[in-house]
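The structure file model_37.txt is reproduced below (compact mmCIF, C-alpha atoms).
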```txt
# COMPACT_ATOMS: atom_id res chain seq x y z
CA MET A 22 -7.93 15.05 16.63
CA PRO A 23 -8.83 11.58 15.37
CA SER A 24 -12.11 10.02 16.45
CA PRO A 25 -12.00 6.97 18.77
CA LYS A 26 -12.05 4.54 15.81
CA TRP A 27 -8.58 5.80 14.85
CA GLU A 28 -5.38 4.25 16.16
CA ALA A 29 -1.79 5.48 16.31
CA TYR A 30 0.75 3.35 14.46
CA ASN A 31 4.36 4.06 13.58
CA GLY A 32 3.96 7.78 14.34
CA CYS A 33 0.78 8.40 12.32
CA TRP A 34 -2.96 7.93 12.70
CA PHE A 35 -4.88 5.35 10.74
CA ALA A 36 -8.32 3.81 10.62
CA ARG A 37 -8.37 0.04 10.59
CA SER A 38 -11.04 -1.77 8.60
CA GLN A 39 -11.50 -5.22 7.16
CA GLU A 40 -10.63 -6.38 3.68
CA GLN A 41 -13.48 -5.86 1.27
CA ARG A 42 -14.49 -7.89 -1.78
CA LEU A 43 -15.40 -5.35 -4.45
CA LYS A 44 -16.52 -5.65 -8.04
CA SER A 45 -14.17 -4.22 -10.62
CA ILE A 46 -15.23 -1.38 -12.93
CA HIS A 47 -16.46 -3.98 -15.43
CA GLY A 48 -18.50 -5.72 -12.72
CA GLU A 49 -17.22 -9.14 -13.77
CA THR A 50 -14.26 -9.83 -11.53
CA GLU A 51 -14.13 -9.63 -7.77
CA MET A 52 -11.00 -8.25 -6.22
CA THR A 53 -9.93 -7.82 -2.64
CA ILE A 54 -9.33 -4.21 -1.69
CA LEU A 55 -7.58 -3.82 1.65
CA LYS A 56 -8.57 -0.56 3.32
CA LEU A 57 -6.25 -0.56 6.30
CA HIS A 58 -4.78 2.95 6.40
CA SER A 59 -5.79 6.62 6.31
CA GLU A 60 -3.86 9.64 7.44
CA PRO A 61 -4.27 13.41 7.36
CA LEU A 62 -2.12 15.59 5.13
CA ARG A 63 0.56 17.35 7.18
CA ASP A 64 1.39 21.00 6.55
CA GLU A 65 5.12 20.24 6.39
CA TRP A 66 4.43 18.05 3.33
CA LEU A 67 3.08 20.98 1.29
CA ASP A 68 5.13 22.59 -1.49
CA ALA A 69 5.32 26.30 -2.37
CA TYR A 70 2.12 25.94 -4.43
CA GLY A 71 0.12 24.68 -1.44
CA HIS A 72 -0.27 21.07 -2.53
CA LEU A 73 1.28 17.81 -1.48
CA ASN A 74 4.93 17.85 -2.56
CA GLU A 75 5.77 15.03 -4.97
CA ALA A 76 8.29 13.49 -2.56
CA TYR A 77 5.64 13.12 0.13
CA TYR A 78 3.17 11.14 -1.99
CA LEU A 79 5.24 8.06 -1.20
CA VAL A 80 5.00 8.59 2.58
CA PRO A 81 1.30 7.62 3.02
CA PHE A 82 1.77 4.68 0.63
CA SER A 83 4.76 3.52 2.67
CA ASN A 84 2.90 4.07 5.96
CA ALA A 85 0.05 1.93 4.59
CA VAL A 86 2.40 -1.03 4.16
CA TRP A 87 2.88 -1.42 7.93
CA PRO A 88 -0.78 -2.21 8.77
CA LEU A 89 -0.89 -4.37 5.60
CA LEU A 90 2.05 -6.43 6.87
CA ASP A 91 0.38 -6.70 10.29
CA HIS A 92 -2.82 -7.85 8.58
CA PHE A 93 -0.91 -10.82 7.13
CA GLY A 94 1.09 -11.50 10.30
CA ILE A 95 4.45 -10.33 8.94
CA GLY A 96 4.73 -6.92 10.59
CA VAL A 97 7.02 -5.57 13.29
CA GLU A 98 6.10 -8.26 15.83
CA TYR A 99 6.97 -10.95 13.25
CA PHE A 100 10.30 -9.20 12.56
CA GLU A 101 11.14 -9.01 16.27
CA ARG A 102 10.30 -12.70 16.73
CA THR A 103 11.90 -14.16 13.57
CA GLY A 104 14.17 -11.59 11.94
CA GLY A 105 12.01 -11.80 8.80
CA ALA A 106 11.44 -8.43 7.15
CA ILE A 107 9.74 -7.11 4.04
CA TYR A 108 11.85 -4.70 1.97
CA THR A 109 10.60 -2.56 -0.88
CA VAL A 110 12.93 -2.96 -3.86
CA GLU A 111 11.04 -0.99 -6.52
CA ALA A 112 8.20 1.55 -6.61
CA HIS A 113 6.34 3.34 -9.39
CA LEU A 114 4.19 6.37 -8.53
CA ARG A 115 1.53 8.04 -10.66
CA TYR A 116 0.37 11.53 -9.73
CA LEU A 117 -3.22 11.87 -10.96
CA LYS A 118 -4.81 14.83 -9.21
CA GLU A 119 -3.48 17.36 -6.74
CA VAL A 120 -3.91 16.98 -2.99
CA ARG A 121 -4.47 20.21 -1.05
CA SER A 122 -4.85 20.78 2.67
CA PRO A 123 -6.92 19.91 4.56
CA ALA A 124 -7.14 16.35 3.33
CA LEU A 125 -7.53 12.84 4.66
CA MET A 126 -5.59 10.47 2.41
CA GLU A 127 -7.17 7.02 2.30
CA ILE A 128 -4.99 4.23 0.94
CA GLU A 129 -6.45 1.12 -0.67
CA SER A 130 -4.11 -1.82 -1.26
CA MET A 131 -4.33 -4.80 -3.61
CA ILE A 132 -2.09 -7.82 -3.85
CA LEU A 133 -1.20 -8.22 -7.53
CA GLY A 134 0.93 -11.31 -7.10
CA SER A 135 3.19 -13.19 -4.75
CA ASP A 136 5.45 -16.18 -4.43
CA ALA A 137 7.50 -17.59 -1.57
CA LYS A 138 9.87 -14.61 -1.42
CA ARG A 139 8.23 -11.80 -3.41
CA LEU A 140 5.17 -9.60 -3.21
CA ARG A 141 3.75 -7.27 -5.86
CA LEU A 142 1.51 -4.61 -4.38
CA ALA A 143 -0.73 -1.91 -5.88
CA GLN A 144 -2.11 1.01 -3.90
CA VAL A 145 -4.56 3.80 -4.61
CA MET A 146 -4.67 7.11 -2.71
CA ARG A 147 -8.12 8.65 -2.46
CA VAL A 148 -9.14 11.99 -0.99
CA ASP A 149 -12.87 12.70 -0.72
CA GLY A 150 -13.46 9.50 -2.72
CA ILE A 151 -11.43 10.76 -5.68
CA GLU A 152 -8.40 8.83 -6.93
CA ARG A 153 -5.38 11.14 -6.52
CA ALA A 154 -2.35 8.84 -6.97
CA THR A 155 -1.33 5.22 -7.40
CA CYS A 156 1.72 3.26 -6.32
CA GLU A 157 2.89 -0.12 -7.55
CA CYS A 158 5.78 -1.77 -5.78
CA ALA A 159 7.79 -4.94 -5.54
CA LEU A 160 8.77 -6.22 -2.13
CA LEU A 161 11.07 -9.02 -0.96
CA HIS A 162 10.97 -11.15 2.16
CA PHE A 163 14.41 -10.84 3.74
CA ASP A 164 15.86 -12.99 6.51
CA THR A 165 17.97 -10.54 8.50
CA LYS A 166 19.55 -13.36 10.53
CA VAL A 167 21.32 -14.76 7.45
CA ASN A 168 21.35 -11.49 5.47
CA ARG A 169 19.56 -12.77 2.35
CA THR A 170 16.10 -13.35 0.93
CA GLY A 171 14.12 -16.26 2.28
CA PRO A 172 10.62 -17.67 2.02
CA MET A 173 7.69 -16.23 3.94
CA PRO A 174 5.83 -18.59 6.27
CA GLU A 175 3.56 -20.96 4.32
CA ASP A 176 0.38 -19.68 5.99
CA VAL A 177 1.28 -16.15 4.88
CA GLN A 178 1.92 -17.36 1.32
CA VAL A 179 -1.52 -19.00 1.29
CA ALA A 180 -3.23 -15.91 2.72
CA LEU A 181 -1.59 -13.67 0.11
CA LYS A 182 -2.66 -15.99 -2.72
CA GLN A 183 -6.25 -15.96 -1.43
CA VAL A 184 -6.53 -12.19 -1.85
CA GLU A 185 -4.61 -11.74 -5.12
CA VAL A 186 -6.59 -9.81 -7.71
CA ALA A 187 -7.88 -11.84 -10.63
CA GLU A 188 -7.50 -8.89 -13.00
CA MET A 189 -4.72 -6.31 -12.85
CA PRO A 190 -5.61 -2.61 -12.73
CA ASP A 191 -5.04 -1.12 -16.19
CA TRP A 192 -2.21 1.03 -14.85
CA ALA A 193 -0.23 -1.83 -13.27
CA GLY A 194 3.04 -2.71 -14.95
CA ARG A 195 3.37 0.54 -16.85
CA SER A 196 6.76 1.97 -17.62
CA ILE A 197 7.67 5.58 -18.21
CA SER A 198 7.52 6.63 -21.84
CA LEU A 199 7.06 9.76 -23.94
CA GLU A 200 4.86 7.84 -26.40
CA LYS A 201 1.12 8.53 -26.28
CA ARG A 202 -1.05 5.78 -24.86
```
Turn the structure described in the file into structure tokens.
Amino acid sequence: MPSPKWEAYNGCWFARSQEQRLKSIHGETEMTILKLHSEPLRDEWLDAYGHLNEAYYLVPFSNAVWPLLDHFGIGVEYFERTGGAIYTVEAHLRYLKEVRSPALMEIESMILGSDAKRLRLAQVMRVDGIERATCECALLHFDTKVNRTGPMPEDVQVALKQVEVAEMPDWAGRSISLEKR
């Protein structure tokens, strides 16, 4: 059972915290890491080998987007009020280290870039402080009232720009290849 600092959201438990300014590995560039979501591994997500099934890695990353959208004022309440929604249009997952039960998956999010209609997001899944997976995705702001993309509110655009990372993680923007890196 979650401790009192935990809250239920969209059918799962998460711990809400503030954005944190952290030094990069090189110690030169500050980046904003948003630690807004954690959730326990569910037994139904395990594969025959006893670890998190590859399909379910995306679930905690996706669940972490909801509190992220709320953080910037473009979550469910915004959708209900305006019809503006954020849709994921592309995602790239990297599986780095297995996740076995019991586990608390902590998701860290970084804004890699944004413009009026688009958002590029990077996320890191950690269990026991160890990086287990990453997700990079592209999202679009969609106006459901006119059924097409449209600009996010200006204050949201400004807030997103304020937390964009100055330096991309080395894994961002990778494509799949059989060539050695």
Query - Nearest residue to A:His72 from the set A:Glu119, A:Glu127, A:Glu111, A:Asp136 (distances using all atoms listed in the file) - result: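 With all atoms listed in the file as the atom set, the closest residue is A:Glu119.
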Query raised in the report: In Å, with one decimal, what is the gap from atom CA of A:Met131 to atom CA of A:Asn74?
Result: 24.5 Å
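What separates atom CA of A:Ser122 from atom CA of A:Glu60 is a distance of 12.2 Å.
Contact shell of A:Arg153 at 9 Å (only C-alpha atoms; same-chain neighbours under 5 positions omitted): Arg115, Tyr116, Leu117, Lys118, Glu119, Val120, Met126, Val145, Met146, Arg147 and Val148 of chain A.
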Requested in this report: Using only C-alpha atoms, pick whichever of A:Thr103, A:Thr53, A:Thr109, A:Ser130 has the shortest atom-to-atom distance to A:Ala85.
Outcome: A:Ser130
Requested in this report: May I have the residues within 7 Å of stretch 163-171 of chain A as a ChimeraX atom specification, using all atoms listed in the file and disregarding those fewer than 5 positions away in the same chain?
Outcome: /A:104-108,138
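We find atom CA of A:Gly134 and atom CA of A:Glu75 to be spaced 26.9 Å apart.
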Report task. Identify, on the basis of all atoms listed in the file, every residue whose closest approach to stretch 193-197 of chain A does not exceed 12 Å; exclude the query and any residue fewer than 5 positions from it along the same chain; express the result as a VMD selection string. Result -> chain A and resid 111 to 115 131 to 134 141 to 145 155 to 159 186 188 202
